[in-house]
>>> print(open('upload_15.cif').read())   # mmCIF, C-alpha atoms and all ligand atoms
data_work
loop_
_atom_site.group_PDB
_atom_site.id
_atom_site.type_symbol
_atom_site.label_atom_id
_atom_site.label_comp_id
_atom_site.auth_asym_id
_atom_site.auth_seq_id
_atom_site.Cartn_x
_atom_site.Cartn_y
_atom_site.Cartn_z
ATOM 1 C CA MET A 1 103.386 106.754 109.311
ATOM 2 C CA VAL A 2 102.571 105.203 105.934
ATOM 3 C CA ARG A 3 102.263 107.994 103.403
ATOM 4 C CA ALA A 4 99.967 107.996 100.402
ATOM 5 C CA LYS A 5 101.780 107.736 97.082
ATOM 6 C CA THR A 6 102.720 111.032 95.510
ATOM 7 C CA GLU A 7 105.398 109.847 93.109
ATOM 8 C CA GLU A 8 105.146 108.305 89.664
ATOM 9 C CA SER A 9 101.561 109.473 89.309
ATOM 10 C CA PRO A 10 100.204 111.570 86.466
ATOM 11 C CA GLY A 11 100.835 115.190 87.223
ATOM 12 C CA ALA A 12 103.514 114.410 89.797
ATOM 13 C CA ASP A 13 106.216 116.044 87.679
ATOM 14 C CA ARG A 14 104.191 119.140 86.943
ATOM 15 C CA PRO A 15 105.143 122.366 88.705
ATOM 16 C CA ASP A 16 101.512 123.104 89.607
ATOM 17 C CA ASN A 17 101.343 119.771 91.409
ATOM 18 C CA VAL A 18 103.204 121.329 94.318
ATOM 19 C CA GLU A 19 100.359 123.741 94.959
ATOM 20 C CA LYS A 20 97.796 122.759 97.526
ATOM 21 C CA ALA A 21 94.826 122.215 95.196
ATOM 22 C CA ILE A 22 94.563 118.550 94.254
ATOM 23 C CA VAL A 23 91.207 119.025 92.499
ATOM 24 C CA ARG A 24 89.990 122.168 90.772
ATOM 25 C CA LEU A 25 86.721 122.682 88.932
ATOM 26 C CA THR A 26 86.397 125.913 86.968
ATOM 27 C CA ASP A 27 82.974 126.899 85.633
ATOM 28 C CA ALA A 28 82.183 123.220 85.045
ATOM 29 C CA HIS A 29 78.918 122.392 83.310
ATOM 30 C CA LYS A 30 77.465 118.980 82.599
ATOM 31 C CA ILE A 31 74.552 118.631 80.225
ATOM 32 C CA TYR A 32 73.121 115.163 79.588
ATOM 33 C CA PRO A 33 71.142 114.616 76.409
ATOM 34 C CA LEU A 34 67.780 113.083 77.290
ATOM 35 C CA GLY A 35 65.697 112.105 74.281
ATOM 36 C CA LYS A 36 64.880 115.317 72.470
ATOM 37 C CA THR A 37 65.676 117.445 75.508
ATOM 38 C CA GLU A 38 68.650 117.742 77.829
ATOM 39 C CA VAL A 39 69.318 117.834 81.555
ATOM 40 C CA HIS A 40 71.616 120.584 82.822
ATOM 41 C CA ALA A 41 72.891 118.618 85.839
ATOM 42 C CA VAL A 42 75.853 120.881 86.768
ATOM 43 C CA LYS A 43 75.485 124.560 85.991
ATOM 44 C CA GLY A 44 78.823 126.321 86.199
ATOM 45 C CA VAL A 45 80.516 125.012 89.303
ATOM 46 C CA SER A 46 83.885 126.269 90.546
ATOM 47 C CA PHE A 47 85.726 125.089 93.630
ATOM 48 C CA SER A 48 89.039 123.625 94.661
ATOM 49 C CA ILE A 49 89.933 120.847 97.045
ATOM 50 C CA GLU A 50 93.195 120.927 98.918
ATOM 51 C CA ARG A 51 95.568 118.027 99.339
ATOM 52 C CA GLY A 52 94.661 116.201 102.564
ATOM 53 C CA ASP A 53 91.123 117.599 102.673
ATOM 54 C CA PHE A 54 88.258 115.601 104.205
ATOM 55 C CA ILE A 55 85.400 116.966 102.217
ATOM 56 C CA SER A 56 81.718 116.284 101.771
ATOM 57 C CA ILE A 57 79.794 117.080 98.610
ATOM 58 C CA ALA A 58 76.346 117.496 100.123
ATOM 59 C CA GLY A 59 72.890 118.101 98.765
ATOM 60 C CA PRO A 60 69.508 116.519 98.124
ATOM 61 C CA SER A 61 68.910 113.813 95.550
ATOM 62 C CA GLY A 62 69.229 115.181 92.013
ATOM 63 C CA SER A 63 71.398 118.152 93.036
ATOM 64 C CA GLY A 64 74.385 116.943 90.988
ATOM 65 C CA LYS A 65 76.555 115.134 93.558
ATOM 66 C CA SER A 66 77.157 111.968 91.531
ATOM 67 C CA THR A 67 77.769 113.973 88.386
ATOM 68 C CA ILE A 68 80.460 115.999 90.138
ATOM 69 C CA LEU A 69 82.039 112.879 91.636
ATOM 70 C CA ASN A 70 82.074 111.322 88.158
ATOM 71 C CA LEU A 71 83.847 114.409 86.812
ATOM 72 C CA ILE A 72 86.439 114.281 89.586
ATOM 73 C CA GLY A 73 86.816 110.510 89.139
ATOM 74 C CA CYS A 74 87.472 110.937 85.392
ATOM 75 C CA ILE A 75 84.481 108.726 84.666
ATOM 76 C CA ASP A 76 82.991 111.607 82.693
ATOM 77 C CA VAL A 77 84.171 114.926 81.261
ATOM 78 C CA PRO A 78 82.434 118.297 81.600
ATOM 79 C CA THR A 79 80.368 119.657 78.706
ATOM 80 C CA SER A 80 82.246 122.936 79.244
ATOM 81 C CA GLY A 81 84.619 124.354 81.827
ATOM 82 C CA THR A 82 87.577 122.454 83.260
ATOM 83 C CA VAL A 83 88.293 119.747 85.794
ATOM 84 C CA GLU A 84 91.900 119.500 86.930
ATOM 85 C CA ILE A 85 93.149 116.545 88.949
ATOM 86 C CA VAL A 86 96.661 116.827 90.430
ATOM 87 C CA GLY A 87 97.216 119.734 88.065
ATOM 88 C CA THR A 88 96.125 117.809 84.953
ATOM 89 C CA ASN A 89 93.183 119.034 82.876
ATOM 90 C CA THR A 90 91.153 115.864 82.278
ATOM 91 C CA ALA A 91 89.653 117.201 79.025
ATOM 92 C CA GLY A 92 92.877 116.957 77.056
ATOM 93 C CA LEU A 93 93.745 113.370 77.969
ATOM 94 C CA SER A 94 93.551 110.247 75.811
ATOM 95 C CA ASP A 95 91.469 107.302 77.053
ATOM 96 C CA LYS A 96 94.701 105.550 78.020
ATOM 97 C CA ALA A 97 95.958 108.532 80.030
ATOM 98 C CA ILE A 98 92.565 108.842 81.742
ATOM 99 C CA THR A 99 92.672 105.163 82.713
ATOM 100 C CA THR A 100 96.189 105.589 84.114
ATOM 101 C CA LEU A 101 95.215 108.740 86.011
ATOM 102 C CA ARG A 102 92.175 107.002 87.450
ATOM 103 C CA HIS A 103 94.101 103.895 88.467
ATOM 104 C CA ASP A 104 97.143 105.667 89.899
ATOM 105 C CA VAL A 105 95.605 108.677 91.598
ATOM 106 C CA ILE A 106 92.063 107.750 92.635
ATOM 107 C CA GLY A 107 90.482 105.061 94.804
ATOM 108 C CA PHE A 108 86.728 104.493 94.648
ATOM 109 C CA ILE A 109 84.192 103.523 97.306
ATOM 110 C CA PHE A 110 80.614 102.770 96.225
ATOM 111 C CA GLN A 111 77.337 102.858 98.118
ATOM 112 C CA SER A 112 76.642 99.205 97.257
ATOM 113 C CA PHE A 113 80.206 98.159 98.257
ATOM 114 C CA ASN A 114 80.823 96.319 94.926
ATOM 115 C CA LEU A 115 82.858 93.490 96.460
ATOM 116 C CA VAL A 116 83.580 90.309 94.514
ATOM 117 C CA PRO A 117 81.417 87.624 96.205
ATOM 118 C CA VAL A 118 83.744 84.673 95.533
ATOM 119 C CA LEU A 119 86.819 86.430 96.958
ATOM 120 C CA ASN A 120 87.559 86.693 100.674
ATOM 121 C CA VAL A 121 88.375 89.964 102.469
ATOM 122 C CA TYR A 122 92.110 89.769 101.745
ATOM 123 C CA GLU A 123 91.572 88.880 98.072
ATOM 124 C CA ASN A 124 88.992 91.637 97.573
ATOM 125 C CA ILE A 125 91.457 94.196 98.900
ATOM 126 C CA GLU A 126 94.222 92.776 96.714
ATOM 127 C CA PHE A 127 92.058 92.832 93.583
ATOM 128 C CA PRO A 128 92.897 96.360 92.228
ATOM 129 C CA LEU A 129 96.603 95.460 92.312
ATOM 130 C CA LEU A 130 95.956 92.637 89.858
ATOM 131 C CA LEU A 131 94.459 95.115 87.387
ATOM 132 C CA GLY A 132 97.334 97.617 87.359
ATOM 133 C CA LYS A 133 100.521 97.459 85.343
ATOM 134 C CA SER A 134 102.899 97.531 88.289
ATOM 135 C CA ARG A 135 103.628 94.283 90.078
ATOM 136 C CA PRO A 136 104.529 95.197 93.644
ATOM 137 C CA ASP A 137 106.940 93.061 95.626
ATOM 138 C CA LYS A 138 104.981 90.110 97.083
ATOM 139 C CA LYS A 139 106.109 90.577 100.671
ATOM 140 C CA GLU A 140 105.557 94.352 100.636
ATOM 141 C CA LYS A 141 102.147 93.845 99.070
ATOM 142 C CA ALA A 142 101.071 91.341 101.726
ATOM 143 C CA GLU A 143 102.358 93.630 104.486
ATOM 144 C CA TYR A 144 100.420 96.595 103.129
ATOM 145 C CA ILE A 145 97.203 94.605 102.699
ATOM 146 C CA ASN A 146 97.522 93.287 106.253
ATOM 147 C CA PHE A 147 98.209 96.831 107.476
ATOM 148 C CA LEU A 148 95.020 98.048 105.752
ATOM 149 C CA ILE A 149 92.994 95.139 107.143
ATOM 150 C CA GLU A 150 94.149 96.145 110.608
ATOM 151 C CA GLU A 151 93.428 99.834 109.893
ATOM 152 C CA VAL A 152 89.799 99.041 109.055
ATOM 153 C CA GLY A 153 89.452 96.648 112.015
ATOM 154 C CA LEU A 154 88.968 93.376 110.133
ATOM 155 C CA THR A 155 91.979 91.356 111.254
ATOM 156 C CA ASP A 156 89.792 88.464 112.396
ATOM 157 C CA TRP A 157 87.772 88.492 109.157
ATOM 158 C CA LYS A 158 90.571 88.199 106.592
ATOM 159 C CA LYS A 159 89.482 84.810 105.249
ATOM 160 C CA HIS A 160 85.756 85.552 105.220
ATOM 161 C CA ARG A 161 83.724 86.219 102.112
ATOM 162 C CA PRO A 162 81.444 89.264 101.745
ATOM 163 C CA ASN A 163 78.231 87.297 102.417
ATOM 164 C CA GLU A 164 79.569 86.485 105.898
ATOM 165 C CA LEU A 165 80.026 90.174 106.745
ATOM 166 C CA SER A 166 77.673 92.936 107.916
ATOM 167 C CA GLY A 167 77.072 95.997 105.710
ATOM 168 C CA GLY A 168 79.457 98.069 107.819
ATOM 169 C CA GLN A 169 82.147 95.400 107.577
ATOM 170 C CA ARG A 170 81.680 95.202 103.793
ATOM 171 C CA GLN A 171 82.166 98.938 103.517
ATOM 172 C CA ARG A 172 85.329 98.612 105.624
ATOM 173 C CA VAL A 173 86.638 96.100 103.073
ATOM 174 C CA ALA A 174 85.750 98.565 100.301
ATOM 175 C CA ILE A 175 87.665 101.334 102.101
ATOM 176 C CA ALA A 176 90.767 99.132 102.375
ATOM 177 C CA ARG A 177 90.393 98.122 98.714
ATOM 178 C CA ALA A 178 90.197 101.790 97.678
ATOM 179 C CA LEU A 179 93.443 102.449 99.550
ATOM 180 C CA VAL A 180 95.487 99.486 98.322
ATOM 181 C CA THR A 181 96.894 101.316 95.282
ATOM 182 C CA LYS A 182 97.969 104.176 97.622
ATOM 183 C CA PRO A 183 95.817 106.742 95.828
ATOM 184 C CA GLN A 184 96.165 110.464 96.466
ATOM 185 C CA ILE A 185 92.372 110.837 96.403
ATOM 186 C CA VAL A 186 89.592 108.543 97.602
ATOM 187 C CA LEU A 187 86.156 109.224 96.132
ATOM 188 C CA ALA A 188 83.105 107.821 97.883
ATOM 189 C CA ASP A 189 79.670 108.242 96.323
ATOM 190 C CA GLU A 190 77.082 108.041 99.143
ATOM 191 C CA PRO A 191 79.182 105.500 101.100
ATOM 192 C CA THR A 192 76.658 105.353 103.939
ATOM 193 C CA ALA A 193 73.457 105.144 101.886
ATOM 194 C CA ASN A 194 73.025 101.402 102.515
ATOM 195 C CA LEU A 195 73.947 101.539 106.206
ATOM 196 C CA ASP A 196 72.030 102.425 109.368
ATOM 197 C CA SER A 197 72.934 105.835 110.788
ATOM 198 C CA THR A 198 75.232 104.586 113.589
ATOM 199 C CA THR A 199 77.177 102.317 111.226
ATOM 200 C CA GLY A 200 77.274 105.113 108.639
ATOM 201 C CA GLU A 201 78.771 107.545 111.125
ATOM 202 C CA ALA A 202 81.357 104.937 112.159
ATOM 203 C CA ILE A 203 82.332 104.494 108.503
ATOM 204 C CA ILE A 204 82.816 108.245 108.018
ATOM 205 C CA GLU A 205 84.822 108.439 111.261
ATOM 206 C CA LEU A 206 87.004 105.573 110.000
ATOM 207 C CA MET A 207 87.574 107.414 106.722
ATOM 208 C CA LYS A 208 88.505 110.503 108.719
ATOM 209 C CA LYS A 209 91.004 108.551 110.836
ATOM 210 C CA ILE A 210 92.627 107.220 107.657
ATOM 211 C CA ASN A 211 92.594 110.719 106.128
ATOM 212 C CA ARG A 212 94.615 111.920 109.132
ATOM 213 C CA GLU A 213 96.978 108.948 109.276
ATOM 214 C CA LEU A 214 97.734 108.430 105.571
ATOM 215 C CA GLU A 215 97.149 112.050 104.494
ATOM 216 C CA THR A 216 94.880 110.775 101.721
ATOM 217 C CA THR A 217 92.357 113.298 100.399
ATOM 218 C CA PHE A 218 88.801 111.996 100.938
ATOM 219 C CA ILE A 219 85.837 113.302 98.954
ATOM 220 C CA PHE A 220 82.473 111.795 99.803
ATOM 221 C CA SER A 221 78.941 112.667 98.770
ATOM 222 C CA THR A 222 75.955 112.454 101.060
ATOM 223 C CA HIS A 223 72.450 113.760 101.574
ATOM 224 C CA ASP A 224 72.629 112.922 105.298
ATOM 225 C CA THR A 225 73.044 116.087 107.369
ATOM 226 C CA ALA A 226 74.497 114.272 110.414
ATOM 227 C CA ILE A 227 77.267 112.814 108.267
ATOM 228 C CA VAL A 228 77.985 116.182 106.612
ATOM 229 C CA GLU A 229 78.922 117.572 110.032
ATOM 230 C CA ILE A 230 81.838 115.135 110.346
ATOM 231 C CA ALA A 231 83.531 116.614 107.266
ATOM 232 C CA ASP A 232 86.159 119.350 107.590
ATOM 233 C CA HIS A 233 85.047 121.024 104.376
ATOM 234 C CA VAL A 234 81.544 121.016 102.917
ATOM 235 C CA ILE A 235 80.441 121.919 99.412
ATOM 236 C CA ARG A 236 76.672 122.106 99.367
ATOM 237 C CA LEU A 237 74.822 121.756 96.071
ATOM 238 C CA HIS A 238 71.341 122.616 95.024
ATOM 239 C CA ASP A 239 69.985 122.102 91.546
ATOM 240 C CA GLY A 240 73.443 121.862 89.960
ATOM 241 C CA LEU A 241 74.890 124.920 91.695
ATOM 242 C CA VAL A 242 77.179 125.375 94.695
ATOM 243 C CA ILE A 243 75.150 127.159 97.352
ATOM 244 C CA GLU A 244 77.746 126.869 100.118
ATOM 245 C CA ASN A 245 81.483 126.180 100.316
ATOM 246 C CA LYS A 246 82.642 126.225 103.905
ATOM 247 C CA LYS A 247 85.351 124.859 106.113
ATOM 248 C CA ASN A 248 84.162 123.683 109.513
ATOM 249 C CA ASP A 249 85.675 125.503 112.492
ATOM 250 C CA ARG A 250 87.284 122.289 113.659
ATOM 251 C CA ALA A 251 89.127 122.003 110.348
ATOM 252 C CA GLU A 252 90.388 125.548 110.609
ATOM 253 C CA ALA A 253 91.565 124.807 114.126
ATOM 254 C CA ASN A 254 93.388 121.746 112.777
ATOM 255 C CA THR A 255 95.221 123.707 110.124
ATOM 256 C CA VAL A 256 96.670 126.227 112.546
HETATM 257 P P1 LIG B 1 72.637 113.374 92.877
HETATM 258 O O1 LIG B 1 73.837 112.513 92.907
HETATM 259 O O2 LIG B 1 72.749 114.607 93.731
HETATM 260 O O3 LIG B 1 71.385 112.615 93.176
HETATM 261 P P2 LIG B 1 72.962 113.375 89.993
HETATM 262 O O4 LIG B 1 74.282 113.941 89.669
HETATM 263 O O5 LIG B 1 72.818 111.892 89.974
HETATM 264 O O6 LIG B 1 72.473 113.968 91.396
HETATM 265 O O7 LIG B 1 71.882 113.960 88.981
HETATM 266 C C1 LIG B 1 71.736 115.349 88.701
HETATM 267 C C2 LIG B 1 70.672 115.502 87.616
HETATM 268 O O8 LIG B 1 71.168 114.937 86.400
HETATM 269 C C3 LIG B 1 69.371 114.776 87.931
HETATM 270 O O9 LIG B 1 68.317 115.548 87.402
HETATM 271 C C4 LIG B 1 69.528 113.474 87.177
HETATM 272 O O10 LIG B 1 68.267 112.944 86.822
HETATM 273 C C5 LIG B 1 70.312 113.910 85.944
HETATM 274 N N1 LIG B 1 71.162 112.852 85.392
HETATM 275 C C6 LIG B 1 72.184 112.215 86.022
HETATM 276 N N2 LIG B 1 72.773 111.328 85.203
HETATM 277 C C7 LIG B 1 72.106 111.393 84.027
HETATM 278 C C8 LIG B 1 72.238 110.729 82.769
HETATM 279 N N3 LIG B 1 73.190 109.816 82.555
HETATM 280 N N4 LIG B 1 71.381 111.058 81.778
HETATM 281 C C9 LIG B 1 70.421 112.002 81.967
HETATM 282 N N5 LIG B 1 70.249 112.680 83.121
HETATM 283 C C10 LIG B 1 71.075 112.377 84.147
#
>>> encode(input="upload_15.cif", output="structure tokens")
Amino acid sequence: MVRAKTEESPGADRPDNVEKAIVRLTDAHKIYPLGKTEVHAVKGVSFSIERGDFISIAGPSGSGKSTILNLIGCIDVPTSGTVEIVGTNTAGLSDKAITTLRHDVIGFIFQSFNLVPVLNVYENIEFPLLLGKSRPDKKEKAEYINFLIEEVGLTDWKKHRPNELSGGQRQRVAIARALVTKPQIVLADEPTANLDSTTGEAIIELMKKINRELETTFIFSTHDTAIVEIADHVIRLHDGLVIENKKNDRAEANTV
């Protein structure tokens, strides 16, 4: 089994990193200024996500899903309250530390895939490694990229560019790309929004398989109720508030 990276990441040397919670929001609020008024997008949200969770942040459009994913992804900070990632409170960090935390701990998947059109499948997956400070061993790097390509079922498509792939295949590339830095957490904002329902379900099932195999924590947002059911843990939002935080029976069965 190839394990997700847990060493040399921000927070890895902290005693609270050994606890199960990999993400913790405590009374988090997010208020966006909007002209002369403001939008209270997240209204005092508290929850924790355990290491290895496969969790859906669910709710209708405008309920605050993207805002919460941006807080967890260190793309934004709460107006008040705290967001802790691997035991580190994101509010107290410098821009440099935030960038390191984001690069080392989190992988991102986007609804519009965000692949580089001129790069082929292999090169797109490799791309995040060119941005980081560490320069992994060439052979190990190639082996891991090829392993990920196999994991997402694209072995025969390695040399193809995004415009030669279906939407589902593009999202598979994006999943492999999110995993290439061996993040502890993968964040996916509406990863199935641009896919038909069957392809969308297959993508979530693939993420779940990888969650089991690599023990990577997956957090994805969706407004699609069928997709929500595949998650082990669901946090349901409405109008900036958590209205439900439940673990599916299957997940409880799995933890026994
Ligand atoms: P969802 O992802 O569930 O659709 P969002 O988190 O995108 O919800 O948005 C929650 C609320 O915050 C919405 O009312 C949205 O219009 C508002 N909002 C989101 N981002 C901004 C922003 N940058 N500036 C002002 N309002 C925003």
>>> closest_residue(input="upload_15.cif", among="A:Asn163, A:Thr192, A:Ser63, A:Thr37", to="ligand LIG 1 (chain B)", atoms="all atoms listed in the file")
A:Ser63
>>> resolve_selection(input="upload_15.cif", expression="the PyMOL selection byres (((chain A and resi 65) around 10) and not hetatm)", output="list in words")
Ala41, Val42, Ser56, Ile57, Ala58, Gly59, Pro60, Ser61, Gly62, Ser63, Gly64, Ser66, Thr67, Ile68, Leu69, Asn70, Leu71, Asp189, Glu190, Phe220, Ser221, Thr222, His223, Ile235, Arg236, Leu237, His238, Asp239 and Gly240 of chain A
>>> residues_near_point(input="upload_15.cif", point="(79.6, 91.8, 101.0)", cutoff="7 Å", atoms="only C-alpha atoms", output="count of residues only")
8
>>> atom_distance(input="upload_15.cif", atom1="atom CA of Trp157 of chain A", atom2="atom CA of Met207 of chain A")
19.1 Å
>>> resolve_selection(input="upload_15.cif", expression="the PyMOL selection byres (((chain A and resi 131) around 12) and not hetatm)", output="PDB file with C-alpha atoms, in the coordinates of the input")
ATOM      1  CA  THR A  99      92.672 105.163  82.713  1.00  0.00           C
ATOM      2  CA  THR A 100      96.189 105.589  84.114  1.00  0.00           C
ATOM      3  CA  HIS A 103      94.101 103.895  88.467  1.00  0.00           C
ATOM      4  CA  ASP A 104      97.143 105.667  89.899  1.00  0.00           C
ATOM      5  CA  ILE A 125      91.457  94.196  98.900  1.00  0.00           C
ATOM      6  CA  GLU A 126      94.222  92.776  96.714  1.00  0.00           C
ATOM      7  CA  PHE A 127      92.058  92.832  93.583  1.00  0.00           C
ATOM      8  CA  PRO A 128      92.897  96.360  92.228  1.00  0.00           C
ATOM      9  CA  LEU A 129      96.603  95.460  92.312  1.00  0.00           C
ATOM     10  CA  LEU A 130      95.956  92.637  89.858  1.00  0.00           C
ATOM     11  CA  GLY A 132      97.334  97.617  87.359  1.00  0.00           C
ATOM     12  CA  LYS A 133     100.521  97.459  85.343  1.00  0.00           C
ATOM     13  CA  SER A 134     102.899  97.531  88.289  1.00  0.00           C
ATOM     14  CA  ARG A 135     103.628  94.283  90.078  1.00  0.00           C
ATOM     15  CA  PRO A 136     104.529  95.197  93.644  1.00  0.00           C
ATOM     16  CA  VAL A 180      95.487  99.486  98.322  1.00  0.00           C
ATOM     17  CA  THR A 181      96.894 101.316  95.282  1.00  0.00           C
TER      18      THR A 181
END
>>> residues_around(input="upload_15.cif", residues="His160 of chain A", least_positions_apart="4", cutoff="12 Å", atoms="all atoms listed in the file", output="PDB file with C-alpha atoms, keeping the file's coordinate frame")
ATOM      1  CA  VAL A 116      83.580  90.309  94.514  1.00  0.00           C
ATOM      2  CA  PRO A 117      81.417  87.624  96.205  1.00  0.00           C
ATOM      3  CA  VAL A 118      83.744  84.673  95.533  1.00  0.00           C
ATOM      4  CA  LEU A 119      86.819  86.430  96.958  1.00  0.00           C
ATOM      5  CA  ASN A 120      87.559  86.693 100.674  1.00  0.00           C
ATOM      6  CA  VAL A 121      88.375  89.964 102.469  1.00  0.00           C
ATOM      7  CA  TYR A 122      92.110  89.769 101.745  1.00  0.00           C
ATOM      8  CA  GLU A 123      91.572  88.880  98.072  1.00  0.00           C
ATOM      9  CA  ASN A 124      88.992  91.637  97.573  1.00  0.00           C
ATOM     10  CA  LEU A 154      88.968  93.376 110.133  1.00  0.00           C
ATOM     11  CA  THR A 155      91.979  91.356 111.254  1.00  0.00           C
ATOM     12  CA  ASP A 156      89.792  88.464 112.396  1.00  0.00           C
ATOM     13  CA  GLU A 164      79.569  86.485 105.898  1.00  0.00           C
ATOM     14  CA  LEU A 165      80.026  90.174 106.745  1.00  0.00           C
ATOM     15  CA  SER A 166      77.673  92.936 107.916  1.00  0.00           C
ATOM     16  CA  GLN A 169      82.147  95.400 107.577  1.00  0.00           C
ATOM     17  CA  ARG A 170      81.680  95.202 103.793  1.00  0.00           C
ATOM     18  CA  VAL A 173      86.638  96.100 103.073  1.00  0.00           C
TER      19      VAL A 173
END
>>> closest_residue(input="upload_15.cif", among="A:Val234, A:Ala91, A:Ile227, A:Ala174", to="Thr198 of chain A", atoms="all atoms listed in the file")
A:Ile227
>>> axis_aligned_box(input="upload_15.cif", around="segment 151-156 of chain A", padding_each_side="4 Å", output="AutoDock Vina command-line options")
--center_x 91.2 --center_y 94.1 --center_z 110.7 --size_x 12.5 --size_y 19.4 --size_z 11.3
>>> resolve_selection(input="upload_15.cif", expression="the PyMOL selection byres (((chain A and resi 48) around 8) and not hetatm)", output="PDB file with C-alpha atoms, keeping the file's coordinate frame")
ATOM      1  CA  ALA A  21      94.826 122.215  95.196  1.00  0.00           C
ATOM      2  CA  ILE A  22      94.563 118.550  94.254  1.00  0.00           C
ATOM      3  CA  VAL A  23      91.207 119.025  92.499  1.00  0.00           C
ATOM      4  CA  ARG A  24      89.990 122.168  90.772  1.00  0.00           C
ATOM      5  CA  LEU A  25      86.721 122.682  88.932  1.00  0.00           C
ATOM      6  CA  SER A  46      83.885 126.269  90.546  1.00  0.00           C
ATOM      7  CA  PHE A  47      85.726 125.089  93.630  1.00  0.00           C
ATOM      8  CA  ILE A  49      89.933 120.847  97.045  1.00  0.00           C
ATOM      9  CA  GLU A  50      93.195 120.927  98.918  1.00  0.00           C
TER      10      GLU A  50
END
>>> atom_distance(input="upload_15.cif", atom1="atom CA of Gly52 of chain A", atom2="atom CA of Ser112 of chain A")
25.3 Å
>>> atom_distance(input="upload_15.cif", atom1="atom CA of Ala231 of chain A", atom2="atom C6 of ligand LIG 1 (chain B)")
24.5 Å
>>> closest_residue(input="upload_15.cif", among="A:Phe54, A:His233, A:Leu187, A:Val228", to="Lys209 of chain A", atoms="all atoms listed in the file")
A:Phe54
>>> closest_residue(input="upload_15.cif", among="A:Arg51, A:Lys30, A:Lys246, A:Lys43", to="Val186 of chain A", atoms="only C-alpha atoms")
A:Arg51
>>> closest_residue(input="upload_15.cif", among="A:Tyr32, A:Ile210, A:Glu244, A:Val105", to="Phe147 of chain A", atoms="all atoms listed in the file")
A:Ile210
>>> build_atoms(input="upload_15.cif", residues="segment 33-37 of chain A", atoms="all heavy atoms", output="mmCIF file, in the coordinates of the input")
data_model
loop_
_atom_site.group_PDB
_atom_site.id
_atom_site.type_symbol
_atom_site.label_atom_id
_atom_site.label_comp_id
_atom_site.auth_asym_id
_atom_site.auth_seq_id
_atom_site.Cartn_x
_atom_site.Cartn_y
_atom_site.Cartn_z
ATOM 1 N N PRO A 33 72.247 114.682 77.360
ATOM 2 C CA PRO A 33 71.142 114.616 76.409
ATOM 3 C C PRO A 33 70.098 113.634 76.946
ATOM 4 O O PRO A 33 70.457 112.612 77.526
ATOM 5 C CB PRO A 33 71.804 114.090 75.128
ATOM 6 C CG PRO A 33 73.096 113.512 75.540
ATOM 7 C CD PRO A 33 73.453 114.019 76.898
ATOM 8 N N LEU A 34 68.846 113.965 76.801
ATOM 9 C CA LEU A 34 67.780 113.083 77.290
ATOM 10 C C LEU A 34 66.659 113.100 76.260
ATOM 11 O O LEU A 34 65.828 114.015 76.255
ATOM 12 C CB LEU A 34 67.293 113.565 78.663
ATOM 13 C CG LEU A 34 66.384 112.599 79.422
ATOM 14 C CD1 LEU A 34 67.118 111.341 79.851
ATOM 15 C CD2 LEU A 34 65.799 113.300 80.651
ATOM 16 N N GLY A 35 66.667 112.111 75.383
ATOM 17 C CA GLY A 35 65.697 112.105 74.281
ATOM 18 C C GLY A 35 65.875 113.361 73.452
ATOM 19 O O GLY A 35 66.991 113.670 73.021
ATOM 20 N N LYS A 36 64.793 114.092 73.273
ATOM 21 C CA LYS A 36 64.880 115.317 72.470
ATOM 22 C C LYS A 36 65.242 116.527 73.325
ATOM 23 O O LYS A 36 65.426 117.624 72.810
ATOM 24 C CB LYS A 36 63.539 115.562 71.766
ATOM 25 C CG LYS A 36 63.330 114.582 70.617
ATOM 26 C CD LYS A 36 62.032 114.844 69.887
ATOM 27 C CE LYS A 36 61.854 113.790 68.796
ATOM 28 N NZ LYS A 36 60.483 113.622 68.389
ATOM 29 N N THR A 37 65.321 116.316 74.638
ATOM 30 C CA THR A 37 65.676 117.445 75.508
ATOM 31 C C THR A 37 67.051 117.192 76.127
ATOM 32 O O THR A 37 67.775 116.292 75.707
ATOM 33 C CB THR A 37 64.641 117.608 76.643
ATOM 34 O OG1 THR A 37 64.633 116.407 77.389
ATOM 35 C CG2 THR A 37 63.264 117.936 76.108
#
